[in-house]
file run.txt (compact mmCIF, C-alpha atoms and all ligand atoms)
# COMPACT_ATOMS: atom_id res chain seq x y z
CA MET A 1258 68.98 222.82 62.35
CA ARG A 1259 69.43 219.29 63.65
CA ALA A 1260 69.73 218.91 67.39
CA ILE A 1261 72.95 217.29 68.49
CA LEU A 1262 72.24 214.52 70.97
CA THR A 1263 74.57 213.66 73.82
CA PRO A 1264 75.50 209.96 73.83
CA ALA A 1265 73.11 209.33 76.74
CA ALA A 1266 70.21 211.15 75.08
CA CYS A 1267 70.95 209.43 71.80
CA LEU A 1268 70.94 206.04 73.48
CA ALA A 1269 67.43 206.68 74.85
CA ALA A 1270 66.13 208.25 71.61
CA CYS A 1271 67.69 205.64 69.38
CA LEU A 1272 66.28 202.77 71.42
CA ALA A 1273 62.84 204.40 71.24
CA ALA A 1274 63.02 204.74 67.43
CA PRO A 1275 60.49 202.31 65.91
CA ALA A 1276 62.88 201.31 63.11
CA ALA A 1277 65.27 199.87 65.65
CA ARG A 1278 62.71 197.43 67.02
CA ALA A 1279 62.17 193.92 65.79
CA TRP A 1280 58.92 193.73 63.84
CA GLU A 1281 58.11 190.47 65.54
CA ASP A 1282 57.29 192.51 68.67
CA ILE A 1283 54.94 195.00 66.97
CA PRO A 1284 51.48 193.46 66.56
CA ASP A 1285 50.34 195.80 63.75
CA ALA A 1286 52.25 198.74 62.27
CA TYR A 1287 49.24 200.07 60.28
CA PRO A 1288 46.09 199.67 62.39
CA GLN A 1289 43.86 201.57 59.89
CA SER A 1290 44.37 198.79 57.33
CA VAL A 1291 44.31 195.00 57.33
CA LEU A 1292 47.83 195.35 55.86
CA TYR A 1293 50.60 195.09 58.44
CA ALA A 1294 52.37 198.19 57.10
CA LYS A 1295 51.72 200.98 54.59
CA PRO A 1296 53.54 200.46 51.28
CA VAL A 1297 56.86 202.30 50.93
CA GLU A 1298 58.46 203.38 47.64
CA VAL A 1299 61.75 201.45 47.51
CA ILE A 1300 63.04 202.96 44.27
CA PRO A 1301 61.03 205.16 41.85
CA GLY A 1302 57.90 203.25 40.82
CA VAL A 1303 58.58 200.16 42.93
CA PHE A 1304 56.61 199.87 46.16
CA SER A 1305 56.41 197.24 48.87
CA SER A 1306 54.12 196.70 51.81
CA ILE A 1307 56.48 194.99 54.24
CA GLY A 1308 54.92 192.23 56.30
CA ALA A 1309 55.58 191.39 59.94
CA THR A 1310 58.75 189.31 60.37
CA ALA A 1311 56.70 186.95 62.51
CA PRO A 1312 54.46 183.92 62.17
CA PRO A 1313 50.94 184.68 60.91
CA THR A 1314 48.68 185.90 63.73
CA TYR A 1315 45.25 187.44 64.24
CA GLU A 1316 46.92 190.84 64.78
CA ASN A 1317 48.99 190.80 61.57
CA ALA A 1318 46.10 189.15 59.66
CA GLY A 1319 48.60 186.87 57.93
CA HIS A 1320 50.47 189.76 56.35
CA ASN A 1321 53.90 188.42 57.24
CA ASN A 1322 55.51 188.58 53.81
CA ASN A 1323 56.19 191.37 51.36
CA LEU A 1324 53.46 192.48 48.96
CA SER A 1325 55.05 194.58 46.23
CA PHE A 1326 53.95 196.43 43.12
CA ILE A 1327 55.52 198.19 40.16
CA VAL A 1328 53.85 201.30 38.75
CA THR A 1329 55.17 201.03 35.20
CA GLY A 1330 53.63 204.11 33.57
CA ASP A 1331 51.26 201.90 31.58
CA GLY A 1332 49.69 199.78 34.31
CA VAL A 1333 50.64 198.19 37.59
CA VAL A 1334 52.19 194.76 38.21
CA VAL A 1335 51.57 193.29 41.66
CA VAL A 1336 53.82 190.68 43.26
CA ASN A 1337 51.81 188.41 45.59
CA SER A 1338 48.10 188.40 46.17
CA GLY A 1339 48.71 188.03 49.91
CA ALA A 1340 47.27 185.63 52.48
CA SER A 1341 43.61 186.55 51.97
CA TYR A 1342 40.96 188.24 49.84
CA LEU A 1343 40.92 191.20 52.24
CA LEU A 1344 44.72 191.67 52.09
CA ALA A 1345 44.58 191.70 48.27
CA LYS A 1346 41.77 194.28 48.43
CA ALA A 1347 43.65 196.41 50.98
CA LEU A 1348 46.75 196.43 48.76
CA HIS A 1349 44.58 197.42 45.79
CA ASP A 1350 43.13 200.31 47.86
CA GLU A 1351 46.70 201.55 48.47
CA ILE A 1352 47.52 201.27 44.76
CA LYS A 1353 44.38 203.19 43.78
CA ALA A 1354 45.33 205.97 46.22
CA LEU A 1355 48.71 206.30 44.47
CA THR A 1356 47.86 205.98 40.78
CA ASP A 1357 45.05 205.85 38.23
CA GLN A 1358 46.92 203.15 36.29
CA PRO A 1359 45.04 199.85 36.35
CA VAL A 1360 46.54 196.66 37.77
CA ARG A 1361 47.30 194.57 34.69
CA LEU A 1362 49.06 191.54 36.16
CA VAL A 1363 49.58 189.77 39.48
CA ILE A 1364 52.57 187.45 40.00
CA ASN A 1365 52.60 184.84 42.81
CA GLU A 1366 56.12 184.36 44.23
CA ASN A 1367 55.49 180.70 45.17
CA GLY A 1368 52.69 178.26 46.04
CA GLN A 1369 52.30 179.22 49.69
CA GLY A 1370 49.10 180.60 51.19
CA HIS A 1371 50.53 184.06 51.75
CA ALA A 1372 51.47 184.32 48.07
CA MET A 1373 48.24 182.91 46.57
CA LEU A 1374 45.22 182.96 48.90
CA GLY A 1375 44.24 186.46 47.75
CA ASN A 1376 44.05 185.31 44.11
CA ASN A 1377 40.25 185.24 44.04
CA TYR A 1378 40.12 189.00 44.75
CA TRP A 1379 42.23 189.71 41.67
CA ILE A 1380 40.37 187.18 39.51
CA GLU A 1381 37.16 188.99 40.52
CA GLN A 1382 38.75 192.23 39.18
CA GLY A 1383 39.52 190.48 35.89
CA VAL A 1384 43.30 190.64 36.44
CA PRO A 1385 45.41 187.70 35.15
CA ILE A 1386 47.63 185.89 37.68
CA LEU A 1387 50.99 184.40 36.72
CA ALA A 1388 52.92 181.78 38.69
CA HIS A 1389 55.53 179.11 38.10
CA VAL A 1390 54.01 175.80 37.05
CA GLU A 1391 55.40 174.01 40.17
CA ALA A 1392 54.05 176.71 42.47
CA ALA A 1393 50.59 176.21 40.95
CA GLU A 1394 50.88 172.43 41.51
CA GLU A 1395 51.98 172.99 45.10
CA PHE A 1396 49.01 175.27 45.82
CA ALA A 1397 46.60 172.82 44.13
CA ASP A 1398 47.77 170.23 46.69
CA THR A 1399 47.78 172.46 49.77
CA MET A 1400 45.09 175.12 49.20
CA GLY A 1401 42.57 173.40 51.48
CA GLN A 1402 44.95 173.33 54.45
CA ALA A 1403 46.13 176.86 53.68
CA LEU A 1404 42.54 178.15 53.84
CA GLN A 1405 41.85 176.29 57.10
CA ALA A 1406 44.98 177.76 58.68
CA LEU A 1407 43.94 181.26 57.55
CA GLN A 1408 40.44 180.86 58.97
CA ARG A 1409 41.89 179.67 62.29
CA TYR A 1410 44.23 182.60 62.92
CA ALA A 1411 42.66 185.44 60.92
CA ARG A 1412 39.00 184.75 61.84
CA GLU A 1413 36.83 187.52 60.31
CA ASN A 1414 39.75 188.68 58.15
CA ALA A 1415 39.53 185.37 56.26
CA GLU A 1416 36.10 186.40 54.92
CA GLY A 1417 35.72 186.28 51.17
CA THR A 1418 38.80 184.13 50.63
CA VAL A 1419 38.27 181.25 48.19
CA PRO A 1420 41.49 179.48 47.10
CA MET A 1421 42.03 179.87 43.37
CA LEU A 1422 44.91 178.84 41.16
CA PRO A 1423 46.87 181.30 39.02
CA THR A 1424 45.34 181.85 35.59
CA GLU A 1425 48.70 181.50 33.74
CA THR A 1426 51.91 179.58 34.39
CA PHE A 1427 55.49 179.83 33.15
CA GLU A 1428 58.47 177.46 33.32
CA ASP A 1429 61.88 179.13 33.12
CA ARG A 1430 61.43 182.77 32.37
CA LYS A 1431 58.88 185.25 31.11
CA VAL A 1432 59.74 188.77 30.03
CA ILE A 1433 57.13 191.50 30.31
CA GLU A 1434 57.57 194.94 28.76
CA MET A 1435 55.19 197.39 30.37
CA GLY A 1436 55.47 201.17 30.45
CA GLU A 1437 59.01 202.15 31.40
CA PHE A 1438 59.88 198.74 32.83
CA THR A 1439 61.33 195.52 31.54
CA ILE A 1440 60.18 192.89 34.01
CA GLU A 1441 61.85 189.48 33.93
CA VAL A 1442 59.87 186.84 35.80
CA LEU A 1443 62.40 184.14 36.67
CA HIS A 1444 62.63 180.73 38.25
CA LEU A 1445 66.36 180.59 38.98
CA GLY A 1446 66.23 177.04 40.33
CA PRO A 1447 65.27 175.02 43.39
CA ALA A 1448 65.45 176.98 46.65
CA HIS A 1449 62.91 177.47 49.46
CA SER A 1450 59.77 175.84 48.03
CA PRO A 1451 58.41 174.54 44.70
CA GLY A 1452 58.28 177.13 41.92
CA ASP A 1453 60.15 179.93 43.73
CA THR A 1454 59.83 183.01 41.54
CA GLN A 1455 62.05 186.08 41.30
CA VAL A 1456 60.96 189.32 39.63
CA TRP A 1457 64.06 190.96 38.17
CA LEU A 1458 64.22 194.54 36.93
CA PRO A 1459 67.55 194.56 35.05
CA GLU A 1460 67.52 198.28 34.22
CA GLN A 1461 66.89 199.28 37.83
CA SER A 1462 69.08 196.45 39.20
CA LEU A 1463 66.33 195.56 41.66
CA MET A 1464 65.13 192.07 42.47
CA ILE A 1465 61.82 191.27 44.12
CA ALA A 1466 63.34 188.02 45.28
CA GLY A 1467 60.50 186.14 46.94
CA ASP A 1468 61.36 183.44 49.43
CA ILE A 1469 64.76 182.56 47.99
CA ALA A 1470 65.93 185.53 50.14
CA PHE A 1471 65.20 186.33 53.78
CA HIS A 1472 66.15 189.32 55.91
CA GLU A 1473 65.62 190.11 59.61
CA ARG A 1474 63.97 186.78 60.29
CA MET A 1475 65.17 183.20 60.19
CA PRO A 1476 64.43 181.35 56.94
CA PRO A 1477 62.19 178.29 57.40
CA ILE A 1478 63.45 175.00 55.98
CA PHE A 1479 60.68 172.61 55.03
CA GLU A 1480 60.71 168.84 54.78
CA GLY A 1481 61.71 168.10 51.22
CA THR A 1482 63.60 171.39 50.77
CA CYS A 1483 67.00 170.70 49.20
CA THR A 1484 69.29 173.09 51.06
CA SER A 1485 72.33 172.20 48.93
CA CYS A 1486 70.24 173.10 45.84
CA TRP A 1487 69.18 176.39 47.47
CA ILE A 1488 72.86 177.26 48.05
CA GLU A 1489 73.77 176.23 44.50
CA THR A 1490 70.94 178.27 42.93
CA TRP A 1491 72.10 181.23 45.02
CA GLU A 1492 75.75 180.97 44.04
CA THR A 1493 75.37 180.09 40.38
CA LYS A 1494 72.19 181.95 39.34
CA LEU A 1495 71.35 184.73 41.78
CA VAL A 1496 74.82 186.14 42.54
CA PRO A 1497 75.74 186.61 38.82
CA LEU A 1498 72.71 188.93 38.39
CA ASN A 1499 74.29 191.07 41.13
CA PRO A 1500 71.22 193.12 42.11
CA THR A 1501 71.90 196.47 43.75
CA TYR A 1502 68.57 196.36 45.58
CA VAL A 1503 66.76 193.33 46.93
CA ILE A 1504 63.19 193.20 48.20
CA PRO A 1505 63.33 189.86 50.00
CA GLY A 1506 60.38 187.53 50.58
CA HIS A 1507 60.41 188.60 54.21
CA GLY A 1508 62.01 191.59 55.92
CA HIS A 1509 62.88 195.11 54.82
CA PRO A 1510 64.37 195.87 51.39
CA THR A 1511 68.15 195.71 51.49
CA ASN A 1512 71.09 194.65 49.33
CA LEU A 1513 72.62 191.39 48.13
CA ALA A 1514 75.30 191.27 50.83
CA GLN A 1515 72.72 191.42 53.60
CA VAL A 1516 70.37 188.74 52.23
CA THR A 1517 73.42 186.59 51.47
CA ARG A 1518 74.45 186.88 55.11
CA TYR A 1519 71.03 185.90 56.46
CA THR A 1520 69.99 183.32 53.88
CA HIS A 1521 72.88 181.72 51.96
CA ASP A 1522 75.38 182.03 54.82
CA TYR A 1523 72.83 180.69 57.32
CA LEU A 1524 72.19 177.62 55.16
CA VAL A 1525 75.93 177.04 54.76
CA HIS A 1526 76.45 177.43 58.52
CA LEU A 1527 73.64 175.06 59.47
CA ARG A 1528 74.76 172.41 56.95
CA ASP A 1529 78.32 172.73 58.27
CA GLN A 1530 77.17 172.26 61.88
CA ILE A 1531 74.92 169.30 61.02
CA GLY A 1532 77.68 167.77 58.86
CA LYS A 1533 80.11 167.87 61.78
CA HIS A 1534 77.46 166.42 64.09
CA ILE A 1535 76.85 163.50 61.70
CA ALA A 1536 80.60 162.93 61.22
CA ALA A 1537 80.95 162.67 65.00
CA GLY A 1538 78.26 159.95 65.07
CA GLY A 1539 75.54 162.29 66.38
CA ASP A 1540 71.84 161.42 66.16
CA LEU A 1541 68.65 163.39 65.46
CA ALA A 1542 68.00 164.16 69.14
CA GLY A 1543 71.37 165.91 69.38
CA ALA A 1544 71.04 167.60 66.00
CA TYR A 1545 68.39 170.02 67.31
CA TYR A 1546 71.02 171.64 69.53
CA VAL A 1547 73.81 172.38 67.07
CA ASP A 1548 75.20 175.90 67.39
CA GLN A 1549 73.04 178.60 65.76
CA GLU A 1550 73.92 181.38 68.22
CA ALA A 1551 75.07 183.76 65.47
CA TYR A 1552 71.43 183.92 64.30
CA ARG A 1553 69.66 184.16 67.67
CA HIS A 1554 68.86 187.87 67.16
CA LEU A 1555 66.74 187.10 64.11
CA ASP A 1556 62.94 187.16 64.43
CA THR A 1557 61.29 183.70 64.40
CA PHE A 1558 64.52 182.14 65.78
CA GLU A 1559 62.57 180.56 68.65
CA GLU A 1560 60.00 179.03 66.31
CA LEU A 1561 62.39 177.78 63.63
CA ALA A 1562 65.99 177.18 64.72
CA THR A 1563 65.65 173.69 66.22
CA LYS A 1564 63.06 172.67 63.62
CA ASN A 1565 65.40 173.70 60.79
CA ALA A 1566 68.23 171.71 62.37
CA GLY A 1567 66.07 168.57 62.49
CA VAL A 1568 65.02 168.93 58.85
CA VAL A 1569 68.60 169.47 57.66
CA PHE A 1570 69.74 166.43 59.69
CA ALA A 1571 67.13 164.29 57.89
CA GLU A 1572 68.28 165.73 54.55
CA MET A 1573 71.99 165.21 55.18
CA GLU A 1574 71.89 161.86 57.00
CA PHE A 1575 71.94 159.93 53.72
CA GLU A 1576 73.89 162.35 51.51
ZN ZN B 1601 57.08 183.34 52.49
call {"tool": "encode", "arguments": {"input": "run.txt", "output": "structure tokens"}}
result
Amino acid sequence: MRAILTPAACLAACLAAPAARAWEDIPDAYPQSVLYAKPVEVIPGVFSSIGATAPPTYENAGHNNNLSFIVTGDGVVVVNSGASYLLAKALHDEIKALTDQPVRLVINENGQGHAMLGNNYWIEQGVPILAHVEAAEEFADTMGQALQALQRYARENAEGTVPMLPTETFEDRKVIEMGEFTIEVLHLGPAHSPGDTQVWLPEQSLMIAGDIAFHERMPPIFEGTCTSCWIETWETKLVPLNPTYVIPGHGHPTNLAQVTRYTHDYLVHLRDQIGKHIAAGGDLAGAYYVDQEAYRHLDTFEELATKNAGVVFAEMEFE
């Protein structure tokens, strides 16, 4: 029988519940592993090891994004090789504990370090790695810096990591039939960074969205990111697919309404604020302080809010 809590007891118990705490404040949720958290089964056959909703640190070993895999019945498809050789290996250890099916493909969600730096582990296992052609180009340009950053924060957990490009690329769409799953590997359009990739399971109505979609933490906006394109890709390409379940690039699995609120709606809000600031003759120095209060509760707000405002000002100044 379930105990009935008085409101006061519930308040204390509920506040103490780990799920209620921001993951930014928990240094490592799975100390036995270099992974930040043990993989959870989101829907039957689809697992995700949810990263810290925080910047990469020594404690989280750079596991601050979601590393997912699909156990298809005839092999496993992994989404993201993670930020290092050791993270890729740790994810593989979890997969081997769950199934005898071999990993047959790895997909990189974009060209960032935490999507691709573990590639050399999988190449060593003889597993092909698929990424969008622009993500591969991006990583070819930035892999040296990405490795240096990893070595700086992760120290001994960077051991074994050698940046390697994906072994295969695609342009618009690639459909994979494996076991009981139809897996559509998509590039819906420009969004967060070059070659953003979405893994769409139409029969299960689940999208492993990559960094087009954020949850529980503030999305980062990079120099050169076209925020109006990100919004357009969202509205015209992502929304029509209408996924029931979304595993975002960062943050716990959720639904379309929630990632819309914290990604699309945030971008629209910030562009609206910056647009008004520009219309009133405001400059860059003032742009950093436009109102973003509705998003203050998100993890990484402190690190990203003013930075994002500055980048969007530079983008919109000449629109
Ligand atoms: Zn990311």
call {"tool": "residues_around", "arguments": {"input": "run.txt", "residues": "region 1401-1403 of chain A", "least_positions_apart": "5", "cutoff": "12 Å", "atoms": "only C-alpha atoms", "output": "JSON, numbers by chain"}}
result
{"A": [1313, 1319, 1340, 1341, 1368, 1369, 1370, 1371, 1372, 1373, 1374, 1375, 1395, 1396, 1408, 1409, 1410, 1411, 1415, 1418, 1419, 1420, 1421, 1422]}
call {"tool": "residues_near_ligand", "arguments": {"input": "run.txt", "ligand": "ligand ZN 1601 (chain B)", "cutoff": "6 Å", "atoms": "only C-alpha atoms and all ligand atoms", "output": "VMD selection string"}}
result
chain A and resid 1322 1468 1506
call {"tool": "closest_atom_pairs", "arguments": {"input": "run.txt", "of": "region 1346-1431 of chain A", "to": "region 1296-1307 of chain A", "cutoff": "9 Å", "atoms": "all atoms listed in the file", "output": "tab-separated table"}}
result
residue	atom	partner	partner_atom	distance
A:Leu1348	CA	A:Ser1306	CA	8.0
A:Glu1351	CA	A:Pro1296	CA	7.5
A:Ile1352	CA	A:Pro1296	CA	8.9
call {"tool": "residues_around", "arguments": {"input": "run.txt", "residues": "Gln1530 (chain A)", "least_positions_apart": "4", "cutoff": "9 Å", "atoms": "all atoms listed in the file", "output": "ChimeraX atom specification"}}
result
/A:1525-1526,1534-1535,1544,1547-1549,1566
call {"tool": "residues_around", "arguments": {"input": "run.txt", "residues": "Leu1513 (chain A)", "least_positions_apart": "2", "cutoff": "9 Å", "atoms": "all atoms listed in the file", "output": "list in words"}}
result
Val1496, Asn1499, Pro1500, Thr1501, Tyr1502, Val1503, Thr1511, Gln1515, Val1516, Thr1517 and Arg1518 of chain A
call {"tool": "residues_around", "arguments": {"input": "run.txt", "residues": "Ala1286 (chain A)", "least_positions_apart": "6", "cutoff": "10 Å", "atoms": "all atoms listed in the file", "output": "ChimeraX atom specification"}}
result
/A:1275,1280,1292-1295,1307-1309,1316-1317
call {"tool": "closest_residue", "arguments": {"input": "run.txt", "among": "A:Ala1392, A:Pro1505, A:Pro1476, A:Gly1538", "to": "Ala1562 (chain A)", "atoms": "all atoms listed in the file"}}
result
A:Pro1476
call {"tool": "residues_around", "arguments": {"input": "run.txt", "residues": "Gly1436 (chain A)", "least_positions_apart": "6", "cutoff": "9 Å", "atoms": "only C-alpha atoms", "output": "number ranges by chain"}}
result
A: 1328-1332
call {"tool": "closest_residue", "arguments": {"input": "run.txt", "among": "A:Lys1346, A:Gly1508, A:Asn1367, A:Met1400", "to": "Trp1379 (chain A)", "atoms": "only C-alpha atoms"}}
result
A:Lys1346
call {"tool": "atom_distance", "arguments": {"input": "run.txt", "atom1": "CA of His1449 (chain A)", "atom2": "CA of Leu1527 (chain A)"}}
result
14.9 Å
call {"tool": "atom_distance", "arguments": {"input": "run.txt", "atom1": "CA of Asp1350 (chain A)", "atom2": "CA of Ile1364 (chain A)"}}
result
17.8 Å
call {"tool": "closest_residue", "arguments": {"input": "run.txt", "among": "A:Arg1430, A:Thr1454, A:Thr1493, A:Tyr1342", "to": "Leu1404 (chain A)", "atoms": "all atoms listed in the file"}}
result
A:Tyr1342
call {"tool": "build_atoms", "arguments": {"input": "run.txt", "residues": "region 1427-1461 of chain A", "atoms": "N, CA and C atoms", "output": "tab-separated table (two decimals), keeping the file's coordinate frame"}}
result
chain	number	residue	atom	x	y	z
A	1427	PHE	N	54.29	179.77	34.00
A	1427	PHE	CA	55.49	179.83	33.15
A	1427	PHE	C	56.47	178.78	33.68
A	1428	GLU	N	57.51	178.48	32.89
A	1428	GLU	CA	58.47	177.46	33.32
A	1428	GLU	C	59.83	178.02	33.70
A	1429	ASP	N	60.54	178.66	32.77
A	1429	ASP	CA	61.88	179.13	33.12
A	1429	ASP	C	61.91	180.63	33.33
A	1430	ARG	N	61.20	181.34	32.44
A	1430	ARG	CA	61.43	182.77	32.37
A	1430	ARG	C	60.33	183.37	31.52
A	1431	LYS	N	59.85	184.54	31.94
A	1431	LYS	CA	58.88	185.25	31.11
A	1431	LYS	C	59.22	186.74	31.19
A	1432	VAL	N	59.35	187.36	30.04
A	1432	VAL	CA	59.74	188.77	30.03
A	1432	VAL	C	58.51	189.62	29.68
A	1433	ILE	N	58.28	190.62	30.50
A	1433	ILE	CA	57.13	191.50	30.31
A	1433	ILE	C	57.65	192.92	30.08
A	1434	GLU	N	57.25	193.52	28.99
A	1434	GLU	CA	57.57	194.94	28.76
A	1434	GLU	C	56.31	195.71	29.07
A	1435	MET	N	56.38	196.59	30.03
A	1435	MET	CA	55.19	197.39	30.37
A	1435	MET	C	55.65	198.79	30.78
A	1436	GLY	N	55.09	199.79	30.13
A	1436	GLY	CA	55.47	201.17	30.45
A	1436	GLY	C	56.97	201.34	30.36
A	1437	GLU	N	57.56	201.90	31.42
A	1437	GLU	CA	59.01	202.15	31.40
A	1437	GLU	C	59.83	200.98	31.93
A	1438	PHE	N	59.18	199.85	32.18
A	1438	PHE	CA	59.88	198.74	32.83
A	1438	PHE	C	59.99	197.49	31.96
A	1439	THR	N	61.17	196.88	32.02
A	1439	THR	CA	61.33	195.52	31.54
A	1439	THR	C	61.32	194.65	32.78
A	1440	ILE	N	60.38	193.71	32.82
A	1440	ILE	CA	60.18	192.89	34.01
A	1440	ILE	C	60.46	191.44	33.64
A	1441	GLU	N	61.53	190.88	34.21
A	1441	GLU	CA	61.85	189.48	33.93
A	1441	GLU	C	61.33	188.63	35.09
A	1442	VAL	N	60.41	187.74	34.78
A	1442	VAL	CA	59.87	186.84	35.80
A	1442	VAL	C	60.67	185.54	35.69
A	1443	LEU	N	61.41	185.21	36.74
A	1443	LEU	CA	62.40	184.14	36.67
A	1443	LEU	C	62.12	183.01	37.68
A	1444	HIS	N	62.52	181.82	37.28
A	1444	HIS	CA	62.63	180.73	38.25
A	1444	HIS	C	64.10	180.31	38.16
A	1445	LEU	N	64.90	180.80	39.09
A	1445	LEU	CA	66.36	180.59	38.98
A	1445	LEU	C	66.76	179.15	39.25
A	1446	GLY	N	65.91	178.44	40.01
A	1446	GLY	CA	66.23	177.04	40.33
A	1446	GLY	C	65.64	176.70	41.67
A	1447	PRO	N	65.84	175.44	42.11
A	1447	PRO	CA	65.27	175.02	43.39
A	1447	PRO	C	65.85	175.81	44.55
A	1448	ALA	N	65.00	176.22	45.47
A	1448	ALA	CA	65.45	176.98	46.65
A	1448	ALA	C	64.53	176.65	47.82
A	1449	HIS	N	63.70	177.59	48.22
A	1449	HIS	CA	62.91	177.47	49.46
A	1449	HIS	C	61.70	176.55	49.31
A	1450	SER	N	60.95	176.68	48.22
A	1450	SER	CA	59.77	175.84	48.03
A	1450	SER	C	59.48	175.72	46.53
A	1451	PRO	N	58.62	174.77	46.13
A	1451	PRO	CA	58.41	174.54	44.70
A	1451	PRO	C	58.01	175.80	43.94
A	1452	GLY	N	58.66	176.03	42.81
A	1452	GLY	CA	58.28	177.13	41.92
A	1452	GLY	C	58.65	178.51	42.43
A	1453	ASP	N	59.68	178.61	43.27
A	1453	ASP	CA	60.15	179.93	43.73
A	1453	ASP	C	60.34	180.86	42.53
A	1454	THR	N	59.80	182.07	42.65
A	1454	THR	CA	59.83	183.01	41.54
A	1454	THR	C	60.50	184.32	41.96
A	1455	GLN	N	61.37	184.81	41.08
A	1455	GLN	CA	62.05	186.08	41.30
A	1455	GLN	C	61.62	187.06	40.21
A	1456	VAL	N	61.33	188.28	40.60
A	1456	VAL	CA	60.96	189.32	39.63
A	1456	VAL	C	62.15	190.27	39.54
A	1457	TRP	N	62.77	190.27	38.37
A	1457	TRP	CA	64.06	190.96	38.17
A	1457	TRP	C	63.86	192.16	37.25
A	1458	LEU	N	64.28	193.31	37.72
A	1458	LEU	CA	64.22	194.54	36.93
A	1458	LEU	C	65.66	194.89	36.55
A	1459	PRO	N	66.14	194.41	35.38
A	1459	PRO	CA	67.55	194.56	35.05
A	1459	PRO	C	67.99	196.02	34.94
A	1460	GLU	N	67.10	196.88	34.41
A	1460	GLU	CA	67.52	198.28	34.22
A	1460	GLU	C	67.65	199.02	35.54
A	1461	GLN	N	66.84	198.63	36.51
A	1461	GLN	CA	66.89	199.28	37.83
A	1461	GLN	C	67.81	198.51	38.78
